[in-house]
>>> print(open('model_21.cif').read())   # mmCIF, C-alpha atoms
data_run
#
loop_
_atom_site.group_PDB
_atom_site.id
_atom_site.type_symbol
_atom_site.label_atom_id
_atom_site.label_comp_id
_atom_site.auth_asym_id
_atom_site.auth_seq_id
_atom_site.Cartn_x
_atom_site.Cartn_y
_atom_site.Cartn_z
ATOM 1 C CA MET A 1 0.000 0.000 0.000
ATOM 2 C CA VAL A 2 2.855 2.424 0.695
ATOM 3 C CA VAL A 3 4.390 1.809 -2.718
ATOM 4 C CA VAL A 4 1.150 2.513 -4.495
ATOM 5 C CA ALA A 5 0.762 5.851 -2.704
ATOM 6 C CA ALA A 6 4.261 7.002 -3.636
ATOM 7 C CA ILE A 7 3.667 6.328 -7.312
ATOM 8 C CA ALA A 8 0.507 8.369 -7.274
ATOM 9 C CA ILE A 9 2.335 11.423 -5.899
ATOM 10 C CA ALA A 10 5.024 11.185 -8.542
ATOM 11 C CA ILE A 11 2.487 11.139 -11.319
ATOM 12 C CA ALA A 12 0.806 14.240 -9.984
ATOM 13 C CA ALA A 13 4.069 16.193 -9.875
ATOM 14 C CA ALA A 14 4.997 15.314 -13.414
ATOM 15 C CA SER A 15 1.716 16.285 -14.931
ATOM 16 C CA GLY A 16 1.429 19.466 -12.921
ATOM 17 C CA ALA A 17 -2.226 18.934 -12.373
ATOM 18 C CA PRO A 18 -4.241 16.869 -9.966
ATOM 19 C CA ALA A 19 -5.334 13.544 -11.250
ATOM 20 C CA ALA A 20 -7.655 10.909 -10.019
ATOM 21 C CA THR A 21 -5.913 8.113 -8.186
ATOM 22 C CA LEU A 22 -6.691 4.497 -8.317
ATOM 23 C CA THR A 23 -5.482 2.227 -5.541
ATOM 24 C CA PRO A 24 -6.815 -1.243 -6.167
ATOM 25 C CA ALA A 25 -6.576 -3.598 -3.223
ATOM 26 C CA VAL A 26 -5.495 -7.133 -3.728
ATOM 27 C CA THR A 27 -6.018 -9.489 -0.829
ATOM 28 C CA ALA A 28 -3.543 -12.348 -0.799
ATOM 29 C CA THR A 29 -4.487 -15.107 1.599
ATOM 30 C CA GLY A 30 -2.399 -18.208 2.025
ATOM 31 C CA THR A 31 -3.406 -21.071 4.275
ATOM 32 C CA VAL A 32 -0.596 -23.204 5.656
ATOM 33 C CA LEU A 33 -1.838 -26.724 5.879
ATOM 34 C CA ASP A 34 -1.610 -28.622 9.088
ATOM 35 C CA THR A 35 0.073 -31.815 8.030
ATOM 36 C CA CYS A 36 2.740 -34.354 8.881
ATOM 37 C CA THR A 37 5.038 -36.420 6.667
ATOM 38 C CA SER A 38 8.329 -38.294 6.610
ATOM 39 C CA ALA A 39 7.570 -40.643 9.497
ATOM 40 C CA VAL A 40 10.599 -42.762 10.369
ATOM 41 C CA GLY A 41 10.570 -45.859 12.565
ATOM 42 C CA GLY A 42 12.461 -46.482 15.792
ATOM 43 C CA SER A 43 13.748 -49.371 17.851
ATOM 44 C CA ILE A 44 14.100 -50.609 21.414
ATOM 45 C CA THR A 45 16.621 -53.409 21.881
ATOM 46 C CA PHE A 46 17.610 -54.651 25.324
ATOM 47 C CA ASN A 47 18.535 -57.668 27.431
ATOM 48 C CA ILE A 48 16.502 -59.154 30.247
ATOM 49 C CA ASP A 49 18.139 -61.028 33.097
ATOM 50 C CA PRO A 50 15.257 -63.099 34.451
ATOM 51 C CA SER A 51 17.044 -63.451 37.789
ATOM 52 C CA GLY A 52 16.892 -59.702 38.263
ATOM 53 C CA ALA A 53 14.491 -57.756 40.422
ATOM 54 C CA GLY A 54 12.190 -54.834 39.762
ATOM 55 C CA ALA A 55 10.632 -53.470 36.623
ATOM 56 C CA ILE A 56 12.615 -53.059 33.401
ATOM 57 C CA THR A 57 11.996 -49.777 31.584
ATOM 58 C CA PRO A 58 13.852 -49.551 28.269
ATOM 59 C CA ALA A 59 13.104 -46.626 25.964
ATOM 60 C CA THR A 60 13.799 -45.417 22.463
ATOM 61 C CA THR A 61 15.954 -42.712 24.048
ATOM 62 C CA ASP A 62 18.358 -45.213 25.598
ATOM 63 C CA ALA A 63 21.841 -45.466 24.130
ATOM 64 C CA GLY A 64 21.824 -47.599 21.014
ATOM 65 C CA ASN A 65 18.109 -47.282 20.463
ATOM 66 C CA THR A 66 16.328 -44.883 18.130
ATOM 67 C CA SER A 67 13.183 -42.826 18.587
ATOM 68 C CA PRO A 68 10.634 -42.686 15.791
ATOM 69 C CA SER A 69 10.294 -39.265 14.210
ATOM 70 C CA VAL A 70 8.054 -37.233 11.974
ATOM 71 C CA LYS A 71 7.954 -33.817 10.365
ATOM 72 C CA CYS A 72 4.866 -31.730 11.053
ATOM 73 C CA THR A 73 3.671 -28.193 10.459
ATOM 74 C CA LYS A 74 5.453 -25.872 12.834
ATOM 75 C CA GLY A 75 3.631 -25.030 16.012
ATOM 76 C CA GLN A 76 0.784 -27.426 15.469
ATOM 77 C CA THR A 77 -0.001 -29.918 18.192
ATOM 78 C CA HIS A 78 -0.850 -33.468 17.250
ATOM 79 C CA ALA A 79 -2.165 -36.422 19.147
ATOM 80 C CA VAL A 80 0.060 -39.493 19.266
ATOM 81 C CA ALA A 81 -1.209 -43.017 19.776
ATOM 82 C CA CYS A 82 0.624 -46.321 20.044
ATOM 83 C CA SER A 83 -0.644 -49.823 19.447
ATOM 84 C CA SER A 84 1.033 -53.203 19.752
ATOM 85 C CA ALA A 85 0.959 -55.883 17.076
ATOM 86 C CA HIS A 86 0.574 -58.601 19.735
ATOM 87 C CA ALA A 87 -1.547 -57.107 22.498
ATOM 88 C CA ASN A 88 1.389 -55.632 24.397
ATOM 89 C CA LYS A 89 3.271 -58.913 24.619
ATOM 90 C CA LEU A 90 6.824 -59.768 23.614
ATOM 91 C CA THR A 91 6.922 -63.312 22.282
ATOM 92 C CA LEU A 92 9.572 -65.785 21.211
ATOM 93 C CA GLY A 93 10.050 -65.490 17.473
ATOM 94 C CA ASN A 94 7.561 -62.598 17.431
ATOM 95 C CA ASP A 95 4.788 -65.072 16.733
ATOM 96 C CA GLY A 96 2.403 -63.495 19.208
ATOM 97 C CA VAL A 97 1.907 -66.767 21.066
ATOM 98 C CA THR A 98 5.055 -68.376 22.415
ATOM 99 C CA ASP A 99 6.244 -67.488 25.921
ATOM 100 C CA PRO A 100 4.523 -64.077 26.105
ATOM 101 C CA ILE A 101 5.988 -61.322 28.278
ATOM 102 C CA ALA A 102 3.445 -58.617 29.049
ATOM 103 C CA TYR A 103 4.493 -54.980 28.956
ATOM 104 C CA THR A 104 2.984 -51.514 28.985
ATOM 105 C CA ILE A 105 3.817 -48.643 26.664
ATOM 106 C CA THR A 106 4.883 -45.411 28.310
ATOM 107 C CA GLY A 107 5.233 -41.881 27.000
ATOM 108 C CA CYS A 108 3.175 -42.386 23.908
ATOM 109 C CA ALA A 109 0.209 -40.324 25.081
ATOM 110 C CA THR A 110 2.198 -37.094 25.041
ATOM 111 C CA PRO A 111 1.099 -34.871 22.127
ATOM 112 C CA LEU A 112 3.830 -33.581 19.856
ATOM 113 C CA THR A 113 4.286 -30.068 18.506
ATOM 114 C CA GLY A 114 5.567 -29.780 14.974
ATOM 115 C CA ASN A 115 8.926 -28.167 14.255
ATOM 116 C CA GLY A 116 8.266 -27.483 10.592
ATOM 117 C CA PHE A 117 9.587 -29.513 7.707
ATOM 118 C CA SER A 118 13.229 -28.652 8.078
ATOM 119 C CA THR A 119 13.455 -30.315 11.479
ATOM 120 C CA ILE A 120 12.299 -33.712 12.625
ATOM 121 C CA THR A 121 10.254 -34.105 15.747
ATOM 122 C CA SER A 122 11.289 -37.137 17.801
ATOM 123 C CA ILE A 123 8.676 -39.221 19.543
ATOM 124 C CA PRO A 124 10.201 -40.811 22.647
ATOM 125 C CA VAL A 125 8.489 -44.035 23.615
ATOM 126 C CA GLY A 126 9.281 -46.447 26.407
ATOM 127 C CA ILE A 127 7.999 -49.726 27.719
ATOM 128 C CA SER A 128 7.776 -51.165 31.212
ATOM 129 C CA ILE A 129 8.006 -54.850 32.114
ATOM 130 C CA LEU A 130 7.210 -55.979 35.631
ATOM 131 C CA GLN A 131 9.383 -58.595 37.334
ATOM 132 C CA ALA A 132 6.429 -60.945 37.527
ATOM 133 C CA ALA A 133 6.169 -60.813 33.742
ATOM 134 C CA TYR A 134 9.768 -61.723 32.914
ATOM 135 C CA GLN A 135 11.061 -63.856 35.807
ATOM 136 C CA ASP A 136 9.706 -67.077 34.313
ATOM 137 C CA ALA A 137 10.483 -66.238 30.683
ATOM 138 C CA GLN A 138 12.433 -68.667 28.534
ATOM 139 C CA ALA A 139 15.830 -67.769 27.157
ATOM 140 C CA GLY A 140 15.872 -66.341 23.650
ATOM 141 C CA ALA A 141 14.759 -63.402 21.533
ATOM 142 C CA HIS A 142 11.346 -61.976 22.348
ATOM 143 C CA SER A 143 9.897 -59.307 20.066
ATOM 144 C CA ASP A 144 6.914 -57.168 19.208
ATOM 145 C CA THR A 145 6.125 -54.211 16.940
ATOM 146 C CA ILE A 146 4.569 -50.975 18.146
ATOM 147 C CA THR A 147 2.793 -48.787 15.619
ATOM 148 C CA VAL A 148 2.931 -45.055 16.325
ATOM 149 C CA THR A 149 0.157 -42.960 14.782
ATOM 150 C CA ILE A 150 0.210 -39.160 14.612
ATOM 151 C CA THR A 151 -3.149 -37.563 13.870
ATOM 152 C CA TYR A 152 -3.339 -34.173 12.154
ATOM 153 C CA MET B 1 -15.699 -1.789 -7.141
ATOM 154 C CA LYS B 2 -18.114 -2.462 -4.418
ATOM 155 C CA LYS B 3 -18.965 -5.802 -5.946
ATOM 156 C CA VAL B 4 -15.350 -6.768 -6.214
ATOM 157 C CA LEU B 5 -14.718 -6.006 -2.561
ATOM 158 C CA SER B 6 -17.701 -8.045 -1.581
ATOM 159 C CA ILE B 7 -16.434 -11.043 -3.447
ATOM 160 C CA ALA B 8 -13.028 -10.680 -1.860
ATOM 161 C CA PHE B 9 -14.581 -10.567 1.590
ATOM 162 C CA LEU B 10 -16.669 -13.611 0.854
ATOM 163 C CA ALA B 11 -13.606 -15.496 -0.336
ATOM 164 C CA VAL B 12 -11.732 -14.674 2.846
ATOM 165 C CA LEU B 13 -14.689 -15.774 4.909
ATOM 166 C CA ILE B 14 -14.826 -19.119 3.135
ATOM 167 C CA VAL B 15 -11.141 -19.672 3.673
ATOM 168 C CA ALA B 16 -11.531 -18.838 7.353
ATOM 169 C CA ILE B 17 -14.396 -21.278 7.773
ATOM 170 C CA ALA B 18 -12.439 -23.942 5.953
ATOM 171 C CA GLY B 19 -9.557 -23.354 8.321
ATOM 172 C CA MET B 20 -11.821 -23.716 11.336
ATOM 173 C CA ALA B 21 -13.197 -26.959 9.973
ATOM 174 C CA ARG B 22 -9.679 -28.324 9.509
ATOM 175 C CA ALA B 23 -8.723 -27.474 13.072
ATOM 176 C CA ALA B 24 -11.758 -29.233 14.500
ATOM 177 C CA THR B 25 -11.576 -32.385 12.429
ATOM 178 C CA PRO B 26 -8.349 -34.307 11.861
ATOM 179 C CA SER B 27 -7.646 -34.550 8.183
ATOM 180 C CA GLY B 28 -5.139 -37.356 8.205
ATOM 181 C CA PHE B 29 -2.529 -39.316 10.053
ATOM 182 C CA ALA B 30 1.055 -40.401 9.739
ATOM 183 C CA SER B 31 2.282 -43.647 11.199
ATOM 184 C CA THR B 32 5.498 -45.513 11.736
ATOM 185 C CA THR B 33 6.679 -48.439 13.825
ATOM 186 C CA ILE B 34 9.015 -49.258 16.678
ATOM 187 C CA ALA B 35 10.695 -52.664 16.650
ATOM 188 C CA VAL B 36 10.934 -53.976 20.205
ATOM 189 C CA ASN B 37 13.504 -56.740 20.698
ATOM 190 C CA ALA B 38 14.338 -58.294 24.060
ATOM 191 C CA GLN B 39 16.941 -60.984 24.610
ATOM 192 C CA ILE B 40 16.283 -63.167 27.647
ATOM 193 C CA THR B 41 19.569 -64.408 29.040
ATOM 194 C CA ALA B 42 20.094 -67.840 30.580
ATOM 195 C CA ALA B 43 20.875 -67.393 34.244
ATOM 196 C CA CYS B 44 20.955 -69.418 37.458
ATOM 197 C CA GLN B 45 21.219 -68.521 41.095
ATOM 198 C CA GLU B 46 21.413 -70.357 44.383
ATOM 199 C CA ALA B 47 18.266 -70.089 46.449
ATOM 200 C CA GLN B 48 19.375 -72.257 49.352
ATOM 201 C CA HIS B 49 22.795 -73.561 50.335
ATOM 202 C CA GLY B 50 22.938 -77.309 50.844
ATOM 203 C CA SER B 51 24.321 -78.975 53.978
ATOM 204 C CA PHE B 52 24.423 -82.380 55.657
ATOM 205 C CA PRO B 53 24.048 -83.318 59.332
ATOM 206 C CA ASN B 54 27.292 -83.057 61.252
ATOM 207 C CA PRO B 55 28.295 -85.687 61.960
ATOM 208 C CA LEU B 56 26.761 -88.377 59.789
ATOM 209 C CA MET B 57 26.189 -91.365 62.034
ATOM 210 C CA ILE B 58 27.522 -94.321 60.066
ATOM 211 C CA ASP B 59 26.542 -97.733 61.379
ATOM 212 C CA THR B 60 29.478 -100.071 60.843
ATOM 213 C CA GLN B 61 27.302 -103.075 61.553
ATOM 214 C CA SER B 62 24.685 -102.373 58.927
ATOM 215 C CA ALA B 63 24.294 -105.055 56.316
ATOM 216 C CA THR B 64 22.776 -102.633 53.824
ATOM 217 C CA ASP B 65 23.932 -99.458 52.137
ATOM 218 C CA GLN B 66 23.251 -96.357 54.176
ATOM 219 C CA THR B 67 21.800 -93.263 52.529
ATOM 220 C CA PHE B 68 21.954 -89.887 54.247
ATOM 221 C CA LEU B 69 19.684 -87.030 53.293
ATOM 222 C CA PRO B 70 20.797 -83.425 53.665
ATOM 223 C CA SER B 71 19.659 -81.232 56.512
ATOM 224 C CA ALA B 72 19.153 -78.597 53.810
ATOM 225 C CA ASP B 73 18.960 -79.531 50.154
ATOM 226 C CA GLU B 74 20.721 -77.407 47.564
ATOM 227 C CA ILE B 75 18.022 -75.337 45.854
ATOM 228 C CA VAL B 76 18.524 -73.306 42.700
ATOM 229 C CA LYS B 77 16.577 -71.149 40.295
ATOM 230 C CA CYS B 78 17.281 -70.956 36.579
ATOM 231 C CA THR B 79 15.797 -69.382 33.486
ATOM 232 C CA SER B 80 12.697 -71.245 32.435
ATOM 233 C CA GLY B 81 13.514 -74.039 30.010
ATOM 234 C CA THR B 82 17.261 -73.670 30.405
ATOM 235 C CA THR B 83 19.049 -76.998 30.764
ATOM 236 C CA PHE B 84 21.821 -77.109 33.316
ATOM 237 C CA THR B 85 24.063 -79.686 34.915
ATOM 238 C CA ILE B 86 25.740 -79.942 38.297
ATOM 239 C CA LYS B 87 29.418 -80.822 38.471
ATOM 240 C CA VAL B 88 30.718 -82.331 41.682
ATOM 241 C CA SER B 89 34.214 -82.300 43.107
ATOM 242 C CA SER B 90 35.382 -84.004 46.297
ATOM 243 C CA GLY B 91 37.916 -82.340 48.554
ATOM 244 C CA ASN B 92 39.208 -85.664 49.876
ATOM 245 C CA GLY B 93 38.361 -87.953 46.981
ATOM 246 C CA THR B 94 39.508 -87.995 43.385
ATOM 247 C CA ALA B 95 36.188 -86.939 41.855
ATOM 248 C CA ALA B 96 36.652 -83.669 39.987
ATOM 249 C CA ASN B 97 33.897 -81.930 38.077
ATOM 250 C CA GLN B 98 31.897 -85.116 37.670
ATOM 251 C CA THR B 99 28.341 -84.727 36.405
ATOM 252 C CA CYS B 100 25.994 -85.330 39.294
ATOM 253 C CA THR B 101 23.160 -87.715 38.481
ATOM 254 C CA SER B 102 20.528 -89.731 40.291
ATOM 255 C CA GLY B 103 22.919 -92.660 39.827
ATOM 256 C CA GLY B 104 25.536 -90.834 41.848
ATOM 257 C CA VAL B 105 29.143 -89.743 41.563
ATOM 258 C CA SER B 106 31.793 -92.144 42.811
ATOM 259 C CA ASN B 107 35.366 -91.469 43.917
ATOM 260 C CA MET B 108 34.130 -89.375 46.817
ATOM 261 C CA ALA B 109 35.836 -89.862 50.167
ATOM 262 C CA LEU B 110 35.262 -89.039 53.812
ATOM 263 C CA LYS B 111 38.625 -88.728 55.502
ATOM 264 C CA SER B 112 39.556 -88.663 59.149
ATOM 265 C CA ALA B 113 41.129 -85.366 60.101
ATOM 266 C CA GLY B 114 43.177 -86.980 62.849
ATOM 267 C CA SER B 115 44.050 -90.106 60.874
ATOM 268 C CA PRO B 116 44.163 -89.078 57.232
ATOM 269 C CA ALA B 117 44.999 -92.592 56.148
ATOM 270 C CA ASP B 118 41.554 -93.681 57.239
ATOM 271 C CA ALA B 119 38.932 -92.906 54.640
ATOM 272 C CA ILE B 120 35.460 -94.078 53.702
ATOM 273 C CA ALA B 121 34.513 -94.058 50.053
ATOM 274 C CA TYR B 122 30.966 -92.906 49.337
ATOM 275 C CA THR B 123 28.697 -91.902 46.474
ATOM 276 C CA PHE B 124 27.209 -88.445 46.064
ATOM 277 C CA LEU B 125 23.785 -88.324 44.395
ATOM 278 C CA CYS B 126 21.627 -85.664 42.718
ATOM 279 C CA SER B 127 18.244 -87.319 42.488
ATOM 280 C CA GLY B 128 16.493 -84.238 41.160
ATOM 281 C CA ASP B 129 17.917 -84.489 37.665
ATOM 282 C CA THR B 130 15.317 -84.363 34.945
ATOM 283 C CA ASP B 131 16.347 -87.321 32.826
ATOM 284 C CA GLY B 132 18.594 -89.440 35.022
ATOM 285 C CA SER B 133 21.686 -88.329 33.155
ATOM 286 C CA GLY B 134 22.435 -85.194 35.095
ATOM 287 C CA HIS B 135 20.317 -82.715 33.161
ATOM 288 C CA PHE B 136 18.157 -80.301 35.109
ATOM 289 C CA THR B 137 15.658 -77.916 33.572
ATOM 290 C CA GLY B 138 15.074 -74.437 34.939
ATOM 291 C CA ALA B 139 11.554 -73.492 35.908
ATOM 292 C CA GLY B 140 12.015 -69.732 36.021
ATOM 293 C CA PHE B 141 12.819 -67.511 38.946
ATOM 294 C CA ASN B 142 9.463 -67.899 40.572
ATOM 295 C CA ILE B 143 9.976 -71.634 41.109
ATOM 296 C CA ALA B 144 12.977 -73.076 42.922
ATOM 297 C CA ARG B 145 14.339 -76.517 42.105
ATOM 298 C CA ALA B 146 15.880 -78.880 44.639
ATOM 299 C CA LEU B 147 18.835 -80.923 43.435
ATOM 300 C CA GLY B 148 17.835 -83.873 45.597
ATOM 301 C CA LEU B 149 21.229 -84.349 47.219
ATOM 302 C CA SER B 150 22.121 -87.424 49.227
ATOM 303 C CA VAL B 151 25.167 -89.363 50.349
ATOM 304 C CA LYS B 152 25.321 -93.156 50.096
ATOM 305 C CA VAL B 153 27.845 -95.229 52.010
ATOM 306 C CA PRO B 154 28.009 -98.798 50.737
ATOM 307 C CA ALA B 155 27.607 -101.439 53.423
ATOM 308 C CA ALA B 156 31.030 -102.909 52.708
ATOM 309 C CA ASN B 157 32.737 -99.539 53.144
ATOM 310 C CA ALA B 158 30.943 -98.868 56.415
ATOM 311 C CA GLN B 159 31.794 -102.287 57.758
ATOM 312 C CA ALA B 160 35.470 -101.751 56.937
ATOM 313 C CA ALA B 161 35.652 -98.271 58.422
ATOM 314 C CA VAL B 162 37.863 -97.492 61.385
ATOM 315 C CA ALA B 163 36.001 -95.764 64.211
ATOM 316 C CA HIS B 164 36.658 -92.043 64.259
ATOM 317 C CA ALA B 165 34.434 -89.072 64.988
ATOM 318 C CA ASP B 166 36.144 -86.721 62.575
ATOM 319 C CA TYR B 167 35.400 -88.043 59.087
ATOM 320 C CA ALA B 168 34.660 -85.218 56.708
ATOM 321 C CA ASP B 169 34.657 -84.161 53.097
ATOM 322 C CA SER B 170 34.158 -80.872 51.336
ATOM 323 C CA VAL B 171 31.981 -81.120 48.244
ATOM 324 C CA THR B 172 32.006 -78.404 45.621
ATOM 325 C CA LEU B 173 28.985 -78.088 43.343
ATOM 326 C CA THR B 174 29.292 -76.106 40.146
ATOM 327 C CA MET B 175 26.358 -75.227 37.939
ATOM 328 C CA TRP B 176 26.912 -75.349 34.186
ATOM 329 C CA TYR B 177 24.374 -73.767 31.863
#
>>> encode(input="model_21.cif", output="structure tokens")
Amino acid sequence: MVVVAAIAIAIAAASGAPAATLTPAVTATGTVLDTCTSAVGGSITFNIDPSGAGAITPATTDAGNTSPSVKCTKGQTHAVACSSAHANKLTLGNDGVTDPIAYTITGCATPLTGNGFSTITSIPVGISILQAAYQDAQAGAHSDTITVTITY
Amino acid sequence: MKKVLSIAFLAVLIVAIAGMARAATPSGFASTTIAVNAQITAACQEAQHGSFPNPLMIDTQSATDQTFLPSADEIVKCTSGTTFTIKVSSGNGTAANQTCTSGGVSNMALKSAGSPADAIAYTFLCSGDTDGSGHFTGAGFNIARALGLSVKVPAANAQAAVAHADYADSVTLTMWY
């Protein structure tokens, strides 16, 4: 608007006579979409000593593990939900049946706020396994898959 | 001009309403996965230390073998399903890291402290083995397993023993898993 006004004054000076001015307004409206993309998976890998005591609480933020991440519109808050492939149970061979070890997912309920698309937003997730759940477990690799869903 | 401005206003209003609708209703979702991998390690621990009555009262006139049960059996806990064995060594005998079975380990010896030349050979047994060949199976750390220890003195060895009150042996049990 300031530029338009300055041009009008210049025209008046050159012509030496007043002239009608025309200052058309153009409204430019851009809507930034609230969206998320580029979701990347994470991992939690750990050992369980069944002779140990107390709960075990590994997390994606532990050394050697990786947190899942996503890129979302900056400043927007999004709900995060987690679901287990095998009803929150680690099983031998990840078959969902053999020697199940029950666990709970922690930290997943925390909403995330987007950092824009130049910066990833990490989603820290942990699990908790009670002693009663692992003390009678068989030796070997027990696995499960947690799906993390970000709603926007 | 007035018409144009009205259209512009209407367009802005529509955009604003559309924005409100987007904020109220999620328009999509992104998802990814976390692979969770836990390795359960094989482990064992002693839950109760084994011991035998002191002294063992050996009847030198008995015509049959004499079996002595422990005052406290050796009790262990191991990872569920883990197979383990018990190796036995005798402090006074020649048995060294022999697999303990329900059939017993020979070359064990009780020796008199005051008269070391006097010894009584005996057999050390682990009757709790799963298959009779010295294999035990862990039941997890919520369930303890007794090894079923006992000492057997053959009748002939008892009958030949010299009377002393200080026969002893030190038995070392080692768990292998």
>>> resolve_selection(input="model_21.cif", expression="the PyMOL selection byres ((chain B and resi 169-177) around 10)", output="JSON, numbers by chain")
{"B": [42, 43, 44, 45, 46, 50, 51, 74, 76, 78, 79, 82, 83, 84, 85, 86, 87, 88, 89, 90, 91, 92, 93, 95, 96, 97, 98, 99, 100, 108, 109, 110, 111, 112, 113, 119, 120, 124, 135, 136, 137, 138, 166, 167, 168]}
>>> closest_atom_pairs(input="model_21.cif", of="chain B", to="chain A", cutoff="8 Å", atoms="all atoms listed in the file", output="CSV")
residue,atom,partner,partner_atom,distance
B:Ala8,CA,A:Thr27,CA,7.2
B:Val12,CA,A:Thr29,CA,7.4
B:Val15,CA,A:Thr31,CA,7.9
B:Gly19,CA,A:Thr31,CA,7.7
B:Pro26,CA,A:Tyr152,CA,5.0
B:Ser27,CA,A:Tyr152,CA,5.9
B:Gly28,CA,A:Tyr152,CA,5.4
B:Phe29,CA,A:Thr151,CA,4.2
B:Ala30,CA,A:Ile150,CA,5.1
B:Ser31,CA,A:Thr149,CA,4.2
B:Thr32,CA,A:Gly41,CA,5.2
B:Thr33,CA,A:Thr147,CA,4.3
B:Ile34,CA,A:Gly42,CA,4.5
B:Ala35,CA,A:Ser43,CA,4.6
B:Val36,CA,A:Ile44,CA,4.8
B:Asn37,CA,A:Ser143,CA,4.5
B:Ala38,CA,A:His142,CA,5.0
B:Gln39,CA,A:Ala141,CA,4.5
B:Ile40,CA,A:Ala139,CA,4.7
B:Thr41,CA,A:Ala139,CA,5.4
B:Ala42,CA,A:Ala139,CA,5.5
B:Ala43,CA,A:Ser51,CA,6.5
B:Cys44,CA,A:Ser51,CA,7.1
B:Gln45,CA,A:Ser51,CA,7.4
B:Cys78,CA,A:Ser51,CA,7.6
B:Thr79,CA,A:Gln138,CA,6.0
B:Ser80,CA,A:Gln138,CA,4.7
B:Gly81,CA,A:Gln138,CA,5.7
B:Thr82,CA,A:Ala139,CA,6.9
B:Ala139,CA,A:Asp136,CA,6.9
B:Gly140,CA,A:Asp136,CA,3.9
B:Phe141,CA,A:Gln135,CA,5.1
B:Asn142,CA,A:Asp136,CA,6.3
>>> atom_distance(input="model_21.cif", atom1="atom CA of Ser128 of chain A", atom2="atom CA of Gly107 of chain A")
10.5 Å
>>> resolve_selection(input="model_21.cif", expression="the PyMOL selection byres ((chain B and resi 159) around 9)", output="ChimeraX atom specification")
/B:59-63,154-158,160-162
>>> axis_aligned_box(input="model_21.cif", around="segment 124-127 of chain B", padding_each_side="3 Å", output="AutoDock Vina command-line options")
--center_x 22.7 --center_y -87.1 --center_z 44.3 --size_x 15.0 --size_y 8.8 --size_z 9.6
>>> atom_distance(input="model_21.cif", atom1="atom CA of Gly75 of chain A", atom2="atom CA of Gly116 of chain A")
7.5 Å
>>> closest_residue(input="model_21.cif", among="B:Ala121, B:Leu147, B:Ala165, B:Val105", to="His49 of chain B", atoms="all atoms listed in the file")
B:Leu147
>>> residues_near_point(input="model_21.cif", point="(7.8, -27.8, 8.0)", cutoff="8 Å", atoms="all atoms listed in the file", output="ChimeraX atom specification")
/A:71-74,114-119
>>> resolve_selection(input="model_21.cif", expression="the PyMOL selection byres ((chain B and resi 71) around 10)", output="list in words")
Gly50, Ser51, Phe52, Pro53, Asn54, Phe68, Leu69, Pro70, Ala72, Asp73, Glu74, Leu149 and Ser150 of chain B
>>> atom_distance(input="model_21.cif", atom1="atom CA of Thr94 of chain B", atom2="atom CA of Ser106 of chain B")
8.8 Å
